[in-house]
Amino acid sequence: MASCSLRSLASPVRPSMAPRRPSCLFFLLLLGASGFFQSYAVEVDVKDASNATCLYAKWMMRFLIKYETNSSDYKNASLDLSSNVTHNGSVCGNDTQAALLAVQFGEGHSWSVNFTKTNETYQGDFITFTYNTNDTAVFPDAKRKGPITIVVQDTMHPVQLNNVFVCHNTDFFEAENVTQIFWNVTVQAFVQNGTISKKESRCRADAPTSAPTVPPTIANVTTASTTTLSPSPTTAPRPVENPETGNYSLKSGNKTCLLATVGLQLNVSQDKPLLININPKTTSADGTCGNTTATLKLNDGNSTLIGFTFVVKNTSASVQKFYLKEVNVTLLNRLNGSVISNADNNNFSKWDAFLGSSYMCRKEQTLEVNEDLQIHTFNLWIQPFLVKENKFSTAQECSLDDDNILIPIVVGAALAGLIAIIVVAYIIGRRKSYAGYQTL
C-alpha cells in the first residue's frame, strides 16, 4: 500500500519521513474565480519502497449524478472534488499485481482506477466510484441514504510501456445514473526507473482535425450545481441548413464493431430556446462494444458530450433485435469544465432492427431526452452489433422512409374521392329528374 502526503503546488516538497515505505505526493489546484464552478486539478505521485516514482497521474474530473428525492421525483446533482482530499490505498503494481490509483474526498465519496499491463503495454482496467447520499450539501433531499458504488469498464486504449498517456480533451463514462467527466489527463502507470517518460501517447480526441475546434456559443445560460427539470422546450426557429452528416465508427482490436452515420442537432430550452448543430469535423467518437450492449460516445469540441446506448432484446430467442435504450447529453463550458446542461433518458425503445442488420432513417426524427432537451437526427444509418468487413449490413428502414406505403394511401384516397364525386353527381341528377314531373 502507498502512503501519501498532501500539499499545494506552491508548497515545498517535504522529504519522506520513512524512505523505505512507499510514499506519494498529492496536489490540488483551484482553477477559476469567484462565481464559477470550482475545478481542482489532482496530481498524484506514488512512490515505491525505494522512494522512486512508480505511478504518476494528474487530471481534472467532475461527476453528474441523477438521484431520487423524497417526493419520488429526480434531480441532477454536480459533485466536484473538494479541498479535503485524501489518498489512501494507492498501489504501485507489478507483473502479477495491478496498479491502483485511489482518492477520497468530500463527505464519504471516493474514486479509483486500476491499471494492468502486458509485456509491452499498460491500460486502465476498471473505474470504481462511490458517492454518499448522506452528503446533504450535494443531495439535500435524497430518498436513498448511504454510500452507492458503481463500477465501469475503462475505455483507455493500451499505451506503450514507458510512455505517458495524455488527453486534454473531455472524456466521460456513463453508468447507473452517473456521468463521470475527465479532462486534462496525464497518467503513467508502471513507471520505469522512477522517471516520468517524455514520450507521449495521445488520446484520439487530441489528434489534429481538419477544422479548428470551436465550441457552440451559448449565451446567458447558467445553472446551479443541483438542478430540477423544468418545463418543455419552446419550439425554436429551425436553422436554414440541417446539420452536416458525420461518419463514426468503433473498433474492438483491429475489427470494426460499430458503424454510425448521422447528422445531429440539439434543441435546448433553459433561459431561452437554443439550437446546436453538431459538427462532425470537430467531433471524436469513442465507446464500447459488446455482445448485448454497445455505447457510442461523441465529443464535439470538448463542449458537447452525447452518449447512445444500444441493447439486444430477447437474448434467449432464436430471432433477436437490437434497439436504442439510453441517450445522455452533457453541455460543458469548455473554459472551466462547468456543466451548462445535462439530460439523460434510459427508457427509449427506438431504432430497432434485427440483429445482424442495420437501421436506417433518412428523414428527420426527434428523440426527447427530457423536458429541456431534444435531439433531432438526419440521414441516420446505425449498426451497433455484428459489423462485417467494415460495412453496413442490409438496412431496415423506418416507416418515414418507406415511400411504398404512400402509394396505396394515395390510390385509396383518390378512389374514395372519385366515389364521393359519383355519389354527389348521382344525387344531383336524381333531384333534377324529379323536378321534371308535375303532380296530377
# chains A, B, ... in the order shown; residues from 1 in each chain; ligands from 1
$ residues_around --residues "A:Asn134" --least-positions-apart "4" --cutoff "10 Å" --atoms "only C-alpha atoms" --output "PyMOL selection string"
chain A and resi 107-108+138-147
$ write_last_selection --atoms "C-alpha atoms" --output "short mmCIF file (atom, residue, chain, number, x, y, z; two decimals), in the first residue's frame"
data_model
loop_
_atom_site.label_atom_id
_atom_site.label_comp_id
_atom_site.auth_asym_id
_atom_site.auth_seq_id
_atom_site.Cartn_x
_atom_site.Cartn_y
_atom_site.Cartn_z
CA GLU A 107 -18.37 13.59 2.80
CA GLY A 108 -17.66 9.93 2.11
CA VAL A 138 -24.93 17.69 -2.62
CA PHE A 139 -28.03 15.52 -2.04
CA PRO A 140 -30.25 17.63 0.24
CA ASP A 141 -33.39 15.51 -0.21
CA ALA A 142 -32.17 12.09 -1.37
CA LYS A 143 -34.62 9.27 -0.76
CA ARG A 144 -31.92 6.60 -0.59
CA LYS A 145 -29.33 7.24 2.10
CA GLY A 146 -25.77 5.95 2.35
CA PRO A 147 -22.87 5.04 0.04
#
$ residues_around --residues "stretch 380-395 of chain A" --least-positions-apart "5" --cutoff "6 Å" --atoms "only C-alpha atoms" --output "ChimeraX atom specification"
/A:256-262,356-362
$ write_last_selection --atoms "all heavy atoms" --output "mmCIF file, in the first residue's frame"
data_model
loop_
_atom_site.group_PDB
_atom_site.id
_atom_site.type_symbol
_atom_site.label_atom_id
_atom_site.label_comp_id
_atom_site.auth_asym_id
_atom_site.auth_seq_id
_atom_site.Cartn_x
_atom_site.Cartn_y
_atom_site.Cartn_z
ATOM 1 N N THR A 256 -13.697 -3.494 -36.845
ATOM 2 C CA THR A 256 -14.767 -2.520 -36.621
ATOM 3 C C THR A 256 -15.965 -3.224 -35.996
ATOM 4 O O THR A 256 -16.421 -4.253 -36.496
ATOM 5 C CB THR A 256 -15.182 -1.859 -37.941
ATOM 6 O OG1 THR A 256 -14.051 -1.178 -38.503
ATOM 7 C CG2 THR A 256 -16.305 -0.855 -37.716
ATOM 8 N N CYS A 257 -16.475 -2.660 -34.902
ATOM 9 C CA CYS A 257 -17.584 -3.303 -34.189
ATOM 10 C C CYS A 257 -18.848 -2.450 -34.163
ATOM 11 O O CYS A 257 -19.912 -2.931 -33.781
ATOM 12 C CB CYS A 257 -17.167 -3.651 -32.757
ATOM 13 S SG CYS A 257 -16.604 -2.236 -31.779
ATOM 14 N N LEU A 258 -18.746 -1.171 -34.554
ATOM 15 C CA LEU A 258 -19.915 -0.297 -34.590
ATOM 16 C C LEU A 258 -19.738 0.725 -35.703
ATOM 17 O O LEU A 258 -18.657 1.303 -35.857
ATOM 18 C CB LEU A 258 -20.123 0.395 -33.247
ATOM 19 C CG LEU A 258 -21.363 1.284 -33.091
ATOM 20 C CD1 LEU A 258 -21.851 1.287 -31.635
ATOM 21 C CD2 LEU A 258 -21.083 2.736 -33.521
ATOM 22 N N LEU A 259 -20.789 0.947 -36.472
ATOM 23 C CA LEU A 259 -20.798 1.953 -37.535
ATOM 24 C C LEU A 259 -21.993 2.878 -37.342
ATOM 25 O O LEU A 259 -23.084 2.440 -36.982
ATOM 26 C CB LEU A 259 -20.889 1.292 -38.905
ATOM 27 C CG LEU A 259 -19.670 0.493 -39.394
ATOM 28 C CD1 LEU A 259 -20.016 -0.261 -40.676
ATOM 29 C CD2 LEU A 259 -18.482 1.412 -39.628
ATOM 30 N N ALA A 260 -21.769 4.165 -37.579
ATOM 31 C CA ALA A 260 -22.857 5.137 -37.452
ATOM 32 C C ALA A 260 -22.655 6.274 -38.443
ATOM 33 O O ALA A 260 -21.543 6.787 -38.585
ATOM 34 C CB ALA A 260 -22.937 5.687 -36.033
ATOM 35 N N THR A 261 -23.714 6.631 -39.121
ATOM 36 C CA THR A 261 -23.753 7.811 -39.976
ATOM 37 C C THR A 261 -24.983 8.610 -39.574
ATOM 38 O O THR A 261 -26.099 8.085 -39.592
ATOM 39 C CB THR A 261 -23.841 7.421 -41.461
ATOM 40 O OG1 THR A 261 -22.671 6.710 -41.831
ATOM 41 C CG2 THR A 261 -23.979 8.656 -42.339
ATOM 42 N N VAL A 262 -24.790 9.873 -39.189
ATOM 43 C CA VAL A 262 -25.923 10.649 -38.695
ATOM 44 C C VAL A 262 -25.579 12.135 -38.652
ATOM 45 O O VAL A 262 -24.434 12.520 -38.439
ATOM 46 C CB VAL A 262 -26.346 10.164 -37.277
ATOM 47 C CG1 VAL A 262 -25.248 10.427 -36.257
ATOM 48 C CG2 VAL A 262 -27.657 10.788 -36.844
ATOM 49 N N GLY A 356 -27.740 -8.311 -36.643
ATOM 50 C CA GLY A 356 -27.021 -8.658 -37.858
ATOM 51 C C GLY A 356 -27.355 -7.757 -39.021
ATOM 52 O O GLY A 356 -26.685 -7.808 -40.062
ATOM 53 N N SER A 357 -28.390 -6.912 -38.855
ATOM 54 C CA SER A 357 -28.740 -5.928 -39.877
ATOM 55 C C SER A 357 -28.464 -4.533 -39.324
ATOM 56 O O SER A 357 -28.011 -4.369 -38.192
ATOM 57 C CB SER A 357 -30.209 -6.073 -40.286
ATOM 58 O OG SER A 357 -31.057 -5.802 -39.175
ATOM 59 N N SER A 358 -28.735 -3.508 -40.128
ATOM 60 C CA SER A 358 -28.568 -2.126 -39.694
ATOM 61 C C SER A 358 -29.922 -1.424 -39.716
ATOM 62 O O SER A 358 -30.894 -1.943 -40.266
ATOM 63 C CB SER A 358 -27.577 -1.389 -40.609
ATOM 64 O OG SER A 358 -28.041 -1.390 -41.953
ATOM 65 N N TYR A 359 -29.963 -0.241 -39.114
ATOM 66 C CA TYR A 359 -31.192 0.554 -39.074
ATOM 67 C C TYR A 359 -30.940 1.859 -39.822
ATOM 68 O O TYR A 359 -29.905 2.513 -39.615
ATOM 69 C CB TYR A 359 -31.599 0.848 -37.638
ATOM 70 C CG TYR A 359 -32.785 1.785 -37.517
ATOM 71 C CD1 TYR A 359 -34.088 1.289 -37.572
ATOM 72 C CD2 TYR A 359 -32.610 3.155 -37.363
ATOM 73 C CE1 TYR A 359 -35.180 2.137 -37.472
ATOM 74 C CE2 TYR A 359 -33.688 4.015 -37.259
ATOM 75 C CZ TYR A 359 -34.971 3.503 -37.316
ATOM 76 O OH TYR A 359 -36.041 4.348 -37.219
ATOM 77 N N MET A 360 -31.896 2.249 -40.673
ATOM 78 C CA MET A 360 -31.724 3.456 -41.484
ATOM 79 C C MET A 360 -32.976 4.309 -41.419
ATOM 80 O O MET A 360 -34.098 3.795 -41.459
ATOM 81 C CB MET A 360 -31.423 3.099 -42.936
ATOM 82 C CG MET A 360 -31.319 4.307 -43.868
ATOM 83 S SD MET A 360 -31.092 3.832 -45.611
ATOM 84 C CE MET A 360 -29.395 3.260 -45.542
ATOM 85 N N CYS A 361 -32.789 5.625 -41.321
ATOM 86 C CA CYS A 361 -33.899 6.572 -41.401
ATOM 87 C C CYS A 361 -33.357 7.889 -41.935
ATOM 88 O O CYS A 361 -32.705 8.649 -41.211
ATOM 89 C CB CYS A 361 -34.558 6.771 -40.036
ATOM 90 S SG CYS A 361 -36.207 7.536 -40.156
ATOM 91 N N ARG A 362 -33.617 8.144 -43.215
ATOM 92 C CA ARG A 362 -33.081 9.358 -43.834
ATOM 93 C C ARG A 362 -33.848 10.607 -43.411
ATOM 94 O O ARG A 362 -33.288 11.701 -43.402
ATOM 95 C CB ARG A 362 -33.117 9.214 -45.354
ATOM 96 C CG ARG A 362 -32.149 8.185 -45.903
ATOM 97 C CD ARG A 362 -32.189 8.141 -47.416
ATOM 98 N NE ARG A 362 -33.453 7.581 -47.896
ATOM 99 C CZ ARG A 362 -33.628 6.305 -48.193
ATOM 100 N NH1 ARG A 362 -32.622 5.457 -48.048
ATOM 101 N NH2 ARG A 362 -34.798 5.872 -48.624
#
$ select_by_dssp --residues "stretch 355-415 of chain A" --states "strand (DSSP E)" --output "list in words"
Ser358, Tyr359, Met360, Cys361, Gln365, Thr366, Leu367, Glu368, Val369, Asn370, Leu373, Gln374, Ile375, His376, Thr377, Phe378, Asn379, Leu380, Trp381, Ile382, Gln383, Ala395, Gln396 and Glu397 of chain A
$ closest_residue --among "A:Gln123, A:Thr186, A:Asn242, A:Asn94" --to "A:His376" --atoms "only C-alpha atoms"
A:Asn242
$ residues_around --residues "A:Ile127" --least-positions-apart "5" --cutoff "10 Å" --atoms "only C-alpha atoms" --output "VMD selection string"
chain A and resid 100 to 102 111 to 115 150 to 155 173 180
$ select_by_dssp --residues "stretch 263-436 of chain A" --states "alpha helix (DSSP H)" --output "ChimeraX atom specification"
/A:406-435
$ closest_residue --among "A:Met156, A:Leu161, A:Ala99, A:Val187" --to "A:Met60" --atoms "only C-alpha atoms"
A:Val187
$ closest_residue --among "A:Trp183, A:Thr133, A:Asn314, A:Lys117" --to "A:Ala41" --atoms "only C-alpha atoms"
A:Trp183
$ residues_around --residues "A:Cys92" --least-positions-apart "5" --cutoff "10 Å" --atoms "only C-alpha atoms" --output "ChimeraX atom specification"
/A:1-2,22,46-49,53-56,97-101,115,189-191
$ atom_distance --atom1 "atom CA of A:Phe378" --atom2 "atom CA of A:Ile340"
24.9 Å
$ closest_residue --among "A:Glu43, A:Glu371, A:Asp135, A:Glu68" --to "A:Val268" --atoms "only C-alpha atoms"
A:Glu371
$ atom_distance --atom1 "atom CA of A:Val159" --atom2 "atom CA of A:Thr118"
10.2 Å
$ decode --residues "stretch 164-190 of chain A" --atoms "N, CA and C atoms" --output "PDB file, in the first residue's frame"
ATOM      1  N   VAL A 164       3.867   8.086 -21.483  1.00  0.00           N
ATOM      2  CA  VAL A 164       2.884   8.743 -20.640  1.00  0.00           C
ATOM      3  C   VAL A 164       1.641   9.029 -21.493  1.00  0.00           C
ATOM      4  N   PHE A 165       0.479   8.717 -20.947  1.00  0.00           N
ATOM      5  CA  PHE A 165      -0.778   8.941 -21.653  1.00  0.00           C
ATOM      6  C   PHE A 165      -1.265  10.348 -21.364  1.00  0.00           C
ATOM      7  N   VAL A 166      -1.629  11.092 -22.441  1.00  0.00           N
ATOM      8  CA  VAL A 166      -2.077  12.475 -22.306  1.00  0.00           C
ATOM      9  C   VAL A 166      -3.380  12.647 -23.071  1.00  0.00           C
ATOM     10  N   CYS A 167      -4.360  13.301 -22.425  1.00  0.00           N
ATOM     11  CA  CYS A 167      -5.625  13.612 -23.097  1.00  0.00           C
ATOM     12  C   CYS A 167      -6.177  14.914 -22.521  1.00  0.00           C
ATOM     13  N   HIS A 168      -6.050  15.990 -23.278  1.00  0.00           N
ATOM     14  CA  HIS A 168      -6.551  17.281 -22.814  1.00  0.00           C
ATOM     15  C   HIS A 168      -8.050  17.416 -23.043  1.00  0.00           C
ATOM     16  N   ASN A 169      -8.569  16.750 -24.071  1.00  0.00           N
ATOM     17  CA  ASN A 169      -9.986  16.841 -24.376  1.00  0.00           C
ATOM     18  C   ASN A 169     -10.810  16.105 -23.333  1.00  0.00           C
ATOM     19  N   THR A 170     -12.106  16.369 -23.342  1.00  0.00           N
ATOM     20  CA  THR A 170     -13.013  15.785 -22.366  1.00  0.00           C
ATOM     21  C   THR A 170     -13.397  14.362 -22.740  1.00  0.00           C
ATOM     22  N   ASP A 171     -13.404  13.483 -21.751  1.00  0.00           N
ATOM     23  CA  ASP A 171     -13.919  12.130 -21.924  1.00  0.00           C
ATOM     24  C   ASP A 171     -14.930  11.888 -20.809  1.00  0.00           C
ATOM     25  N   PHE A 172     -15.836  10.948 -21.015  1.00  0.00           N
ATOM     26  CA  PHE A 172     -16.847  10.702 -19.981  1.00  0.00           C
ATOM     27  C   PHE A 172     -17.297   9.258 -20.013  1.00  0.00           C
ATOM     28  N   PHE A 173     -17.732   8.794 -18.863  1.00  0.00           N
ATOM     29  CA  PHE A 173     -18.273   7.448 -18.693  1.00  0.00           C
ATOM     30  C   PHE A 173     -19.662   7.570 -18.079  1.00  0.00           C
ATOM     31  N   GLU A 174     -20.579   6.737 -18.549  1.00  0.00           N
ATOM     32  CA  GLU A 174     -21.943   6.759 -18.031  1.00  0.00           C
ATOM     33  C   GLU A 174     -22.319   5.378 -17.518  1.00  0.00           C
ATOM     34  N   ALA A 175     -22.889   5.331 -16.318  1.00  0.00           N
ATOM     35  CA  ALA A 175     -23.372   4.072 -15.757  1.00  0.00           C
ATOM     36  C   ALA A 175     -24.265   4.376 -14.568  1.00  0.00           C
ATOM     37  N   GLU A 176     -25.415   3.739 -14.539  1.00  0.00           N
ATOM     38  CA  GLU A 176     -26.315   3.791 -13.381  1.00  0.00           C
ATOM     39  C   GLU A 176     -26.575   5.216 -12.891  1.00  0.00           C
ATOM     40  N   ASN A 177     -27.039   6.064 -13.787  1.00  0.00           N
ATOM     41  CA  ASN A 177     -27.421   7.445 -13.471  1.00  0.00           C
ATOM     42  C   ASN A 177     -26.247   8.332 -13.068  1.00  0.00           C
ATOM     43  N   VAL A 178     -25.027   7.912 -13.388  1.00  0.00           N
ATOM     44  CA  VAL A 178     -23.849   8.715 -13.073  1.00  0.00           C
ATOM     45  C   VAL A 178     -23.037   8.946 -14.344  1.00  0.00           C
ATOM     46  N   THR A 179     -22.666  10.208 -14.579  1.00  0.00           N
ATOM     47  CA  THR A 179     -21.742  10.556 -15.660  1.00  0.00           C
ATOM     48  C   THR A 179     -20.457  11.070 -15.035  1.00  0.00           C
ATOM     49  N   GLN A 180     -19.341  10.410 -15.351  1.00  0.00           N
ATOM     50  CA  GLN A 180     -18.031  10.834 -14.864  1.00  0.00           C
ATOM     51  C   GLN A 180     -17.317  11.565 -15.997  1.00  0.00           C
ATOM     52  N   ILE A 181     -16.887  12.793 -15.742  1.00  0.00           N
ATOM     53  CA  ILE A 181     -16.287  13.636 -16.775  1.00  0.00           C
ATOM     54  C   ILE A 181     -14.822  13.894 -16.408  1.00  0.00           C
ATOM     55  N   PHE A 182     -13.936  13.700 -17.380  1.00  0.00           N
ATOM     56  CA  PHE A 182     -12.499  13.871 -17.165  1.00  0.00           C
ATOM     57  C   PHE A 182     -11.916  14.759 -18.258  1.00  0.00           C
ATOM     58  N   TRP A 183     -10.915  15.553 -17.902  1.00  0.00           N
ATOM     59  CA  TRP A 183     -10.184  16.333 -18.905  1.00  0.00           C
ATOM     60  C   TRP A 183      -8.814  16.699 -18.345  1.00  0.00           C
ATOM     61  N   ASN A 184      -7.929  17.144 -19.253  1.00  0.00           N
ATOM     62  CA  ASN A 184      -6.545  17.472 -18.884  1.00  0.00           C
ATOM     63  C   ASN A 184      -5.887  16.319 -18.117  1.00  0.00           C
ATOM     64  N   VAL A 185      -5.959  15.135 -18.713  1.00  0.00           N
ATOM     65  CA  VAL A 185      -5.449  13.919 -18.067  1.00  0.00           C
ATOM     66  C   VAL A 185      -4.020  13.639 -18.510  1.00  0.00           C
ATOM     67  N   THR A 186      -3.155  13.383 -17.537  1.00  0.00           N
ATOM     68  CA  THR A 186      -1.797  12.894 -17.779  1.00  0.00           C
ATOM     69  C   THR A 186      -1.556  11.747 -16.808  1.00  0.00           C
ATOM     70  N   VAL A 187      -1.202  10.570 -17.325  1.00  0.00           N
ATOM     71  CA  VAL A 187      -1.019   9.427 -16.439  1.00  0.00           C
ATOM     72  C   VAL A 187       0.035   8.483 -17.006  1.00  0.00           C
ATOM     73  N   GLN A 188       0.833   7.921 -16.108  1.00  0.00           N
ATOM     74  CA  GLN A 188       1.767   6.852 -16.476  1.00  0.00           C
ATOM     75  C   GLN A 188       1.797   5.834 -15.350  1.00  0.00           C
ATOM     76  N   ALA A 189       1.395   4.625 -15.661  1.00  0.00           N
ATOM     77  CA  ALA A 189       1.472   3.523 -14.711  1.00  0.00           C
ATOM     78  C   ALA A 189       2.721   2.702 -14.994  1.00  0.00           C
ATOM     79  N   PHE A 190       3.171   1.980 -13.988  1.00  0.00           N
ATOM     80  CA  PHE A 190       4.355   1.120 -14.109  1.00  0.00           C
ATOM     81  C   PHE A 190       5.556   1.916 -14.633  1.00  0.00           C
TER      82      PHE A 190
END
